[in-house]
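J.: Handing over structure-v4.csv, CSV, C-alpha atoms.
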```
chain,number,residue,atom,x,y,z
I,677,MET,CA,0.0,0.0,0.0
I,678,ASP,CA,1.1,3.5,-0.7
I,679,PRO,CA,2.4,5.0,2.6
I,680,GLN,CA,0.5,8.2,2.0
I,681,ALA,CA,-2.8,6.3,1.6
I,682,ALA,CA,-2.0,4.3,4.7
I,683,LYS,CA,-1.5,7.6,6.7
I,684,MET,CA,-4.9,8.9,5.4
I,685,ILE,CA,-6.7,5.7,6.4
I,686,GLY,CA,-5.0,5.7,9.8
I,687,ALA,CA,-6.1,9.3,10.4
I,688,GLY,CA,-9.6,8.4,9.5
I,689,ILE,CA,-9.6,5.4,11.9
I,690,ALA,CA,-8.1,7.5,14.7
I,691,CYS,CA,-11.1,9.9,14.4
I,692,ILE,CA,-13.4,7.1,15.4
I,693,GLY,CA,-12.2,7.6,18.9
I,694,MET,CA,-13.9,11.0,19.0
I,695,GLY,CA,-17.3,9.2,18.8
I,696,GLY,CA,-16.6,7.9,22.3
I,697,ALA,CA,-15.9,11.4,23.6
I,698,GLY,CA,-19.1,12.5,21.9
I,699,VAL,CA,-21.1,9.9,23.9
I,700,GLY,CA,-19.4,11.0,27.1
I,701,VAL,CA,-20.0,14.7,26.6
I,702,GLY,CA,-23.6,14.0,25.8
I,703,THR,CA,-24.0,11.9,28.9
I,704,ILE,CA,-22.5,14.6,31.1
I,705,PHE,CA,-24.7,17.4,29.7
I,706,GLY,CA,-27.8,15.2,29.6
I,707,HIS,CA,-27.4,14.2,33.2
I,708,TYR,CA,-26.7,17.7,34.3
I,709,LEU,CA,-29.8,18.9,32.5
I,710,ALA,CA,-31.9,16.1,34.1
I,711,ALA,CA,-30.6,16.9,37.5
I,712,ALA,CA,-31.0,20.7,37.0
I,713,LEU,CA,-34.6,20.3,36.1
I,714,ARG,CA,-35.2,18.3,39.3
I,715,ASN,CA,-33.5,20.8,41.5
I,716,PRO,CA,-33.0,24.1,39.7
I,717,SER,CA,-31.7,25.9,42.8
I,718,ALA,CA,-28.7,23.6,43.1
I,719,ALA,CA,-27.9,23.7,39.4
I,720,GLN,CA,-25.8,26.9,39.4
I,721,GLY,CA,-23.5,25.6,42.1
I,722,GLN,CA,-22.6,22.5,40.0
I,723,PHE,CA,-21.7,24.5,36.9
I,724,ALA,CA,-17.9,24.4,37.6
I,725,ASN,CA,-18.1,20.6,38.1
I,726,LEU,CA,-20.0,20.3,34.8
I,727,ILE,CA,-17.4,22.2,32.9
I,728,PHE,CA,-14.6,20.2,34.6
I,729,GLY,CA,-16.3,16.9,33.6
I,730,PHE,CA,-16.8,18.1,30.1
I,731,ALA,CA,-13.1,19.2,29.8
I,732,VAL,CA,-11.8,15.9,31.1
I,733,THR,CA,-14.0,13.9,28.8
I,734,GLU,CA,-13.3,16.1,25.9
I,735,ALA,CA,-9.6,15.7,26.4
I,736,LEU,CA,-9.8,12.0,25.3
I,737,GLY,CA,-11.6,12.9,22.1
I,738,ILE,CA,-9.0,15.6,21.5
I,739,PHE,CA,-6.2,13.1,21.9
I,740,SER,CA,-7.6,11.0,19.0
I,741,LEU,CA,-8.0,14.1,16.9
I,742,LEU,CA,-4.3,14.9,17.8
I,743,ILE,CA,-3.2,11.5,16.5
I,744,ALA,CA,-5.1,12.1,13.3
I,745,LEU,CA,-3.5,15.6,12.8
I,746,LEU,CA,-0.1,14.1,13.6
I,747,LEU,CA,-0.6,11.4,11.0
I,748,LEU,CA,-1.8,13.9,8.4
I,749,PHE,CA,0.7,16.8,8.9
I,750,ALA,CA,3.6,15.9,11.2
I,751,LEU,CA,4.8,12.4,10.6
A,656,MET,CA,-7.8,26.9,-0.8
A,657,ASP,CA,-5.5,25.2,1.7
A,658,PRO,CA,-7.3,25.2,5.1
A,659,ILE,CA,-3.9,25.0,6.9
A,660,HIS,CA,-2.6,28.1,5.2
A,661,GLN,CA,-4.2,30.5,7.8
A,662,PHE,CA,-1.9,29.1,10.5
A,663,GLN,CA,1.3,30.0,8.7
A,664,ILE,CA,3.7,32.1,10.7
A,665,LYS,CA,5.0,35.1,8.7
A,666,ASN,CA,8.2,36.9,9.5
A,667,LEU,CA,7.3,40.5,9.7
A,668,LEU,CA,10.5,42.1,11.1
A,669,PRO,CA,13.7,40.1,11.4
A,670,ILE,CA,15.6,41.0,14.5
A,671,ALA,CA,18.6,38.8,15.0
A,672,ARG,CA,20.1,35.4,14.2
A,673,VAL,CA,21.6,33.4,17.2
A,674,GLY,CA,23.3,30.3,15.9
A,675,GLY,CA,20.9,28.6,13.7
A,676,ILE,CA,17.8,30.1,15.3
A,677,GLU,CA,16.1,33.1,13.8
A,678,ILE,CA,14.6,35.7,16.1
A,679,ALA,CA,12.0,37.8,14.5
A,680,PHE,CA,8.8,39.8,15.1
A,681,THR,CA,6.2,37.5,13.6
A,682,ASN,CA,2.4,37.9,13.0
A,683,SER,CA,1.9,35.7,16.1
A,684,ALA,CA,3.9,38.2,18.2
A,685,LEU,CA,1.9,41.1,16.5
A,686,PHE,CA,-1.4,39.6,17.5
A,687,MET,CA,-0.3,38.8,21.0
A,688,LEU,CA,0.7,42.5,21.3
A,689,ILE,CA,-2.7,43.5,19.9
A,690,GLY,CA,-4.4,41.3,22.5
A,691,LEU,CA,-2.3,42.8,25.3
A,692,VAL,CA,-3.2,46.4,24.1
A,693,VAL,CA,-6.9,45.5,23.9
A,694,ILE,CA,-6.8,44.1,27.5
A,695,LEU,CA,-4.8,47.1,28.8
A,696,LEU,CA,-7.2,49.6,27.1
A,697,LEU,CA,-10.3,47.7,28.4
A,698,MET,CA,-9.0,47.5,32.0
A,699,LEU,CA,-7.5,51.1,32.1
A,700,GLY,CA,-10.5,52.6,30.5
A,701,ALA,CA,-12.8,50.7,32.8
A,702,THR,CA,-11.1,51.7,36.0
A,703,SER,CA,-10.3,55.3,35.0
A,704,SER,CA,-13.7,56.8,36.1
A,705,ARG,CA,-14.3,54.4,39.1
A,706,ALA,CA,-18.0,55.4,39.4
A,707,LEU,CA,-20.1,54.0,42.2
A,708,VAL,CA,-22.8,53.0,39.6
A,709,PRO,CA,-20.7,51.4,36.9
A,710,GLY,CA,-21.1,52.4,33.3
A,711,ARG,CA,-20.9,49.8,30.4
A,712,LEU,CA,-17.2,49.6,30.2
A,713,GLN,CA,-16.7,49.4,33.9
A,714,SER,CA,-19.4,46.7,34.1
A,715,VAL,CA,-17.4,44.6,31.7
A,716,ALA,CA,-14.3,44.8,33.8
A,717,GLU,CA,-16.2,44.2,37.1
A,718,ILE,CA,-18.2,41.3,35.7
A,719,SER,CA,-15.0,39.6,34.4
A,720,TYR,CA,-13.2,40.2,37.7
A,721,GLU,CA,-16.1,38.9,39.8
A,722,PHE,CA,-16.5,35.9,37.4
A,723,VAL,CA,-12.9,34.7,37.7
A,724,ALA,CA,-12.7,35.6,41.4
A,725,ALA,CA,-15.8,33.6,42.3
A,726,THR,CA,-14.6,30.6,40.3
A,727,LEU,CA,-11.1,30.7,42.0
A,728,ARG,CA,-12.6,31.2,45.5
A,729,SER,CA,-15.1,28.4,45.1
A,730,ILE,CA,-12.5,25.9,43.9
A,731,ALA,CA,-9.3,26.8,45.7
A,732,GLY,CA,-10.7,28.6,48.7
A,733,PRO,CA,-9.6,31.9,50.2
A,734,GLU,CA,-5.9,30.8,50.2
A,735,GLY,CA,-6.2,30.5,46.4
A,736,MET,CA,-6.8,34.2,45.9
A,737,LYS,CA,-3.1,34.9,46.0
A,738,PHE,CA,-3.0,33.2,42.6
A,739,PHE,CA,-5.8,35.5,41.3
A,740,PRO,CA,-3.4,37.7,39.1
A,741,LEU,CA,-2.1,34.5,37.4
A,742,VAL,CA,-5.5,33.0,36.7
A,743,PHE,CA,-7.1,36.3,35.7
A,744,SER,CA,-4.2,37.2,33.3
A,745,LEU,CA,-4.4,33.7,31.7
A,746,PHE,CA,-8.2,33.9,31.3
A,747,MET,CA,-8.3,37.4,29.8
A,748,PHE,CA,-5.3,36.8,27.5
A,749,ILE,CA,-6.6,33.5,26.1
A,750,LEU,CA,-10.2,34.9,25.8
A,751,ILE,CA,-9.1,38.0,23.9
A,752,LEU,CA,-6.7,36.1,21.7
A,753,ASN,CA,-9.4,33.5,20.9
A,754,VAL,CA,-12.0,36.2,20.1
A,755,ILE,CA,-9.6,38.2,18.0
A,756,GLY,CA,-8.9,35.0,16.0
A,757,ILE,CA,-12.5,34.7,14.9
A,758,ILE,CA,-12.3,38.0,13.0
A,759,PRO,CA,-11.6,37.3,9.3
A,760,TYR,CA,-8.0,37.9,8.1
A,761,THR,CA,-6.6,37.8,11.6
A,762,PHE,CA,-4.2,35.2,13.1
A,763,THR,CA,-5.3,32.9,16.0
A,764,VAL,CA,-2.3,32.8,18.3
A,765,THR,CA,-3.8,30.0,20.5
A,766,SER,CA,-4.0,27.7,17.5
A,767,HIS,CA,-0.3,27.0,17.8
A,768,ILE,CA,0.7,24.3,20.3
A,769,ILE,CA,3.9,26.1,21.3
A,770,ILE,CA,1.9,28.9,22.8
A,771,THR,CA,-0.6,26.7,24.7
A,772,VAL,CA,2.3,24.5,25.9
A,773,ALA,CA,4.0,27.6,27.3
A,774,PHE,CA,0.8,28.5,29.2
A,775,ALA,CA,0.2,24.9,30.4
A,776,LEU,CA,3.9,24.5,31.6
A,777,LEU,CA,3.7,27.9,33.4
A,778,VAL,CA,0.7,26.5,35.4
A,779,PHE,CA,2.3,23.1,35.8
A,780,LEU,CA,5.6,24.4,37.1
A,781,THR,CA,3.8,26.9,39.4
A,782,VAL,CA,1.9,23.9,40.9
A,783,VAL,CA,4.9,21.7,41.3
A,784,ILE,CA,7.2,24.5,42.7
A,785,TYR,CA,4.6,26.0,45.0
A,786,GLY,CA,3.4,22.6,46.1
A,787,PHE,CA,6.8,21.5,47.2
A,788,TRP,CA,7.7,25.0,48.7
A,789,LYS,CA,4.5,25.2,50.8
A,790,ASN,CA,4.0,21.5,51.8
A,791,GLY,CA,7.4,20.0,51.4
A,792,ILE,CA,7.4,16.3,51.2
A,793,HIS,CA,3.7,16.2,52.1
A,794,PHE,CA,3.0,17.3,48.5
A,795,LEU,CA,3.6,13.7,47.5
A,796,LYS,CA,0.5,12.8,49.5
A,797,LEU,CA,-1.3,13.9,46.3
A,798,PHE,CA,-0.3,10.5,44.8
A,799,VAL,CA,-1.3,8.4,47.7
A,800,PRO,CA,-5.0,8.7,48.4
A,801,SER,CA,-6.1,7.8,51.9
A,802,GLY,CA,-8.5,5.0,52.6
A,803,ILE,CA,-7.3,2.7,49.8
A,804,PRO,CA,-6.4,-1.0,50.6
A,805,VAL,CA,-2.6,-1.6,50.7
A,806,TYR,CA,-2.5,-4.2,48.0
A,807,ILE,CA,-3.9,-1.9,45.3
A,808,MET,CA,-1.9,1.1,46.5
A,809,PRO,CA,1.0,0.7,44.0
A,810,LEU,CA,-1.4,0.6,41.1
A,811,VAL,CA,-3.4,3.6,42.3
A,812,THR,CA,-0.2,5.6,42.9
A,813,PHE,CA,1.1,4.7,39.5
A,814,ILE,CA,-2.2,5.9,37.9
A,815,GLU,CA,-2.1,9.1,40.0
A,816,VAL,CA,1.4,9.9,38.9
A,817,LEU,CA,0.6,9.2,35.3
A,818,SER,CA,-2.5,11.4,35.4
A,819,PHE,CA,-0.5,14.2,37.1
A,820,LEU,CA,2.1,14.0,34.4
A,821,SER,CA,-0.5,14.0,31.6
A,822,GLN,CA,-2.1,17.2,33.0
A,823,PRO,CA,0.0,19.7,31.1
A,824,VAL,CA,-0.4,17.6,27.9
A,825,SER,CA,-4.2,17.6,28.0
A,826,HIS,CA,-4.3,21.2,29.3
A,827,SER,CA,-2.4,22.5,26.4
A,828,VAL,CA,-3.6,20.2,23.6
A,829,ARG,CA,-7.3,20.9,24.5
A,830,LEU,CA,-7.0,24.7,23.8
A,831,PHE,CA,-4.8,24.2,20.8
A,832,ALA,CA,-6.9,21.4,19.1
A,833,ASN,CA,-10.2,23.2,19.7
A,834,MET,CA,-9.0,26.4,18.1
A,835,LEU,CA,-7.2,24.5,15.3
A,836,ALA,CA,-10.2,22.2,14.5
A,837,GLY,CA,-12.7,25.1,14.6
A,838,HIS,CA,-10.8,27.3,12.3
A,839,ILE,CA,-10.1,24.5,9.8
A,840,THR,CA,-13.8,23.7,9.8
A,841,LEU,CA,-14.6,27.4,9.1
A,842,LYS,CA,-12.1,27.5,6.2
A,843,VAL,CA,-13.4,24.2,4.7
A,844,PHE,CA,-17.0,25.5,4.7
A,845,GLY,CA,-15.7,28.8,3.3
A,846,GLY,CA,-14.0,26.8,0.6
A,847,PHE,CA,-17.3,25.1,-0.3
A,848,VAL,CA,-18.8,28.5,-1.0
A,849,THR,CA,-16.2,29.5,-3.5
A,850,MET,CA,-16.1,26.1,-5.1
A,851,LEU,CA,-19.9,26.1,-5.7
A,852,ALA,CA,-19.9,29.8,-6.8
A,853,ALA,CA,-17.6,28.8,-9.7
A,854,PHE,CA,-20.5,26.8,-11.3
A,855,GLY,CA,-22.5,29.9,-12.3
A,856,LEU,CA,-26.0,30.9,-11.2
A,857,TRP,CA,-27.1,27.5,-9.8
A,858,GLY,CA,-23.8,27.3,-8.0
A,859,TRP,CA,-24.5,30.7,-6.4
A,860,LEU,CA,-27.9,29.5,-5.2
A,861,GLY,CA,-26.3,26.3,-3.9
A,862,ALA,CA,-23.6,28.3,-2.1
A,863,ILE,CA,-26.2,29.9,0.2
A,864,LEU,CA,-26.3,26.7,2.3
A,865,PRO,CA,-22.6,26.5,3.2
A,866,LEU,CA,-22.6,30.3,3.6
A,867,GLY,CA,-25.3,30.1,6.2
A,868,LEU,CA,-23.5,27.2,7.9
A,869,THR,CA,-20.3,29.4,8.0
A,870,VAL,CA,-22.2,32.1,9.8
A,871,ALA,CA,-23.7,29.5,12.3
A,872,LEU,CA,-20.2,28.0,12.8
A,873,THR,CA,-18.8,31.4,13.5
A,874,ALA,CA,-21.4,31.8,16.2
A,875,LEU,CA,-20.4,28.4,17.6
A,876,GLU,CA,-16.7,29.4,17.5
A,877,LEU,CA,-17.5,32.5,19.6
A,878,LEU,CA,-19.0,30.2,22.2
A,879,VAL,CA,-16.0,27.8,22.0
A,880,ALA,CA,-13.6,30.8,22.3
A,881,PHE,CA,-15.2,31.8,25.6
A,882,LEU,CA,-15.7,28.2,26.8
A,883,GLN,CA,-12.1,27.2,26.2
A,884,ALA,CA,-10.8,30.2,28.0
A,885,TYR,CA,-13.1,29.4,30.9
A,886,VAL,CA,-12.1,25.7,30.8
A,887,PHE,CA,-8.4,26.7,30.8
A,888,ALA,CA,-9.0,29.0,33.8
A,889,ILE,CA,-11.1,26.5,35.8
A,890,LEU,CA,-8.5,23.7,35.2
A,891,THR,CA,-5.8,26.1,36.4
A,892,CYS,CA,-7.8,26.7,39.5
A,893,ILE,CA,-8.2,22.9,40.1
A,894,TYR,CA,-4.5,22.2,39.6
A,895,LEU,CA,-3.6,25.1,41.9
A,896,ASN,CA,-6.0,23.8,44.5
A,897,ARG,CA,-4.0,20.5,44.5
A,898,ALA,CA,-0.9,22.4,45.3
A,899,ILE,CA,-2.6,24.4,48.1
A,900,HIS,CA,-4.5,21.5,49.6
A,901,PRO,CA,-2.7,18.2,48.8
A,902,GLY,CA,-4.1,14.9,50.1
A,903,HIS,CA,-7.6,13.9,49.1
```
Before anything else, please render the file you have as structure tokens.

T.:
Amino acid sequence: MDPQAAKMIGAGIACIGMGGAGVGVGTIFGHYLAAALRNPSAAQGQFANLIFGFAVTEALGIFSLLIALLLLFAL
Amino acid sequence: MDPIHQFQIKNLLPIARVGGIEIAFTNSALFMLIGLVVILLLMLGATSSRALVPGRLQSVAEISYEFVAATLRSIAGPEGMKFFPLVFSLFMFILILNVIGIIPYTFTVTSHIIITVAFALLVFLTVVIYGFWKNGIHFLKLFVPSGIPVYIMPLVTFIEVLSFLSQPVSHSVRLFANMLAGHITLKVFGGFVTMLAAFGLWGWLGAILPLGLTVALTALELLVAFLQAYVFAILTCIYLNRAIHPGH
């Protein structure tokens, strides 16, 4: 196989990992919203925790994007 | 229509050559300087009148101050407020640079990993140095959570050390990759507009859809620009909190 083609395929496969981060971020915001509707007065206090969970989850998706970008442009 | 072209660093004013390394005033440095001037004007202009009932400009400064101060106080406690200048500078600098980057024909400084790594290492080294300076050897309690059975302690400690060392990586890559991916997406959709417009009248009609999407994506990028600056600031607070209060 042409190495360039293999790199492109590898980058595409690496991006599949971002789907998992999508599921995770959706779970976090969905659960936050469900909890916020049950107890709206407590919702504001948990906003920082929400953003922290979002950031930590998103980091894993970003790592797979990074692998794709490295394959396409750096290696 | 190369979507990567926008991130090219241009040499605006060569300054010196030291060994094989070229030192120059680049467009990256120019936009950092612009961001600094914007923040200075905003803050100096806001605090010049010091009215009891704040005007618009003063409200912007007061709201951003209160926002960051409340975040830092709630996460790191009152002892954390001595790091307020660091957190506030990082938040404002990243926010202004991100927002400047959305304006067409400008340069997004935070889309370069060297810049975000510098920010993240600044925070990381602050945490490590302050943690050891304030707590001494007790800072290592960070890696040994209490209430864990002895037989899984080596595994937990290993994971804690690994996650501590990967902090600066994820801290910097998050900001860099979000900015990079957002701007590439904008450029790709902008490229669709020009590609379709080359097909004549029907192409022009078809180009309305990607053009509308570009506008919507720009609005999304504005949200991401603020959110990433906020996430960077909040993670800085959390990491600083670990240096101030080690041990779980």

J.: Give me, as CSV, each residue of chain A that comes within 8 Å of chain I, together with its shortest interatomic pair and the distance in Å at one decimal, counting all atoms listed in the file, with rows ordered by chain and rising residue number.

T.:
```
residue,atom,partner,partner_atom,distance
A:Thr726,CA,I:Ala724,CA,7.5
A:Ser825,CA,I:Ala735,CA,5.9
A:Val828,CA,I:Ile738,CA,7.4
A:Arg829,CA,I:Ala735,CA,6.0
A:Ala832,CA,I:Ile738,CA,6.6
A:Asn833,CA,I:Ile738,CA,7.9
A:Val886,CA,I:Ala731,CA,6.7
A:Ile889,CA,I:Phe728,CA,7.3
A:Leu890,CA,I:Phe728,CA,7.1
```

J.: Filtering to C-alpha atoms, could you give me those residues as a PDB file, in the coordinates of the input?

T.:
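Here's the written file again_23.pdb:
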```
ATOM      1  CA  THR A 726     -14.600  30.600  40.300  1.00  0.00           C
ATOM      2  CA  SER A 825      -4.200  17.600  28.000  1.00  0.00           C
ATOM      3  CA  VAL A 828      -3.600  20.200  23.600  1.00  0.00           C
ATOM      4  CA  ARG A 829      -7.300  20.900  24.500  1.00  0.00           C
ATOM      5  CA  ALA A 832      -6.900  21.400  19.100  1.00  0.00           C
ATOM      6  CA  ASN A 833     -10.200  23.200  19.700  1.00  0.00           C
ATOM      7  CA  VAL A 886     -12.100  25.700  30.800  1.00  0.00           C
ATOM      8  CA  ILE A 889     -11.100  26.500  35.800  1.00  0.00           C
ATOM      9  CA  LEU A 890      -8.500  23.700  35.200  1.00  0.00           C
TER      10      LEU A 890
END
```

J.: May I ask for the distance between atom CA of Lys683 of chain I and atom CA of Pro865 of chain A, given in Å to one decimal place?

T.: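 Distance between the two atoms: 28.5 Å.
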
J.: Considering only C-alpha atoms, state which residue in the set A:Pro809, A:Phe794, A:Asp657, A:Leu667 is at the smallest distance from Gly845 of chain A.

T.: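 Smallest distance to Gly845 of chain A is found for A:Asp657.
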
J.: Which one of I:Leu726, I:Met677, I:Ile685, I:Ala690 sits closest to Ile743 of chain I if you count all atoms listed in the file?

T.: I:Ala690

J.: Closest to Lys796 of chain A among A:Pro740, A:Gly675, A:Pro709, A:Pro901, using all atoms listed in the file?

T.: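 Answer, going by the shortest atom-to-atom distance: A:Pro901.
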
J.: What is the atom CA of Asn682 of chain A to atom CA of Phe762 of chain A distance in Å?

T.: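 Rounded to one decimal, the two atoms are 7.1 Å apart.
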
J.: Excluding Ile768 of chain A and any residue of its chain fewer than 2 positions from it, enumerate the residues within 7 Å of it, using all atoms listed in the file, and give them as a tab-separated table (two decimals) with C-alpha atoms, in the frame of the given file.

T.:
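So result-v8.tsv came out as:
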```tsv
chain	number	residue	atom	x	y	z
A	766	SER	CA	-4.00	27.70	17.50
A	770	ILE	CA	1.90	28.90	22.80
A	771	THR	CA	-0.60	26.70	24.70
A	772	VAL	CA	2.30	24.50	25.90
A	828	VAL	CA	-3.60	20.20	23.60
A	831	PHE	CA	-4.80	24.20	20.80
```

J.: So that I can check the surroundings of Phe847 of chain A, please list as a VMD selection string every protein, DNA and RNA residue that reaches within 10 Å of it, counting only C-alpha atoms and ignoring chain neighbours fewer than 3 positions away.

T.: chain A and resid 656 842 to 844 850 to 852 861 to 862 864 to 866 869

J.: Please provide the set of residues having any atom within 10 Å of Met684 of chain I, restricted to all atoms listed in the file, with same-chain residues fewer than 6 positions apart removed, written as a list in words.

T.: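 My list of contacting residues is Ala690, Ala744, Leu747 and Leu748 of chain I.
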
J.: Between atom CA of Pro804 of chain A and atom CA of Ser818 of chain A, what is the distance in Å, rounded to a tenth?

T.: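 Answer for the atom CA of Pro804 of chain A to atom CA of Ser818 of chain A separation: 20.0 Å.
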
J.: List the neighbours of Tyr708 of chain I out to 12 Å using only C-alpha atoms; skip same-chain residues closer than 2 positions along the sequence, and give me the result as an MDAnalysis selection string.

T.: chainID I and resid 701:706 710:716 718:727 729:730
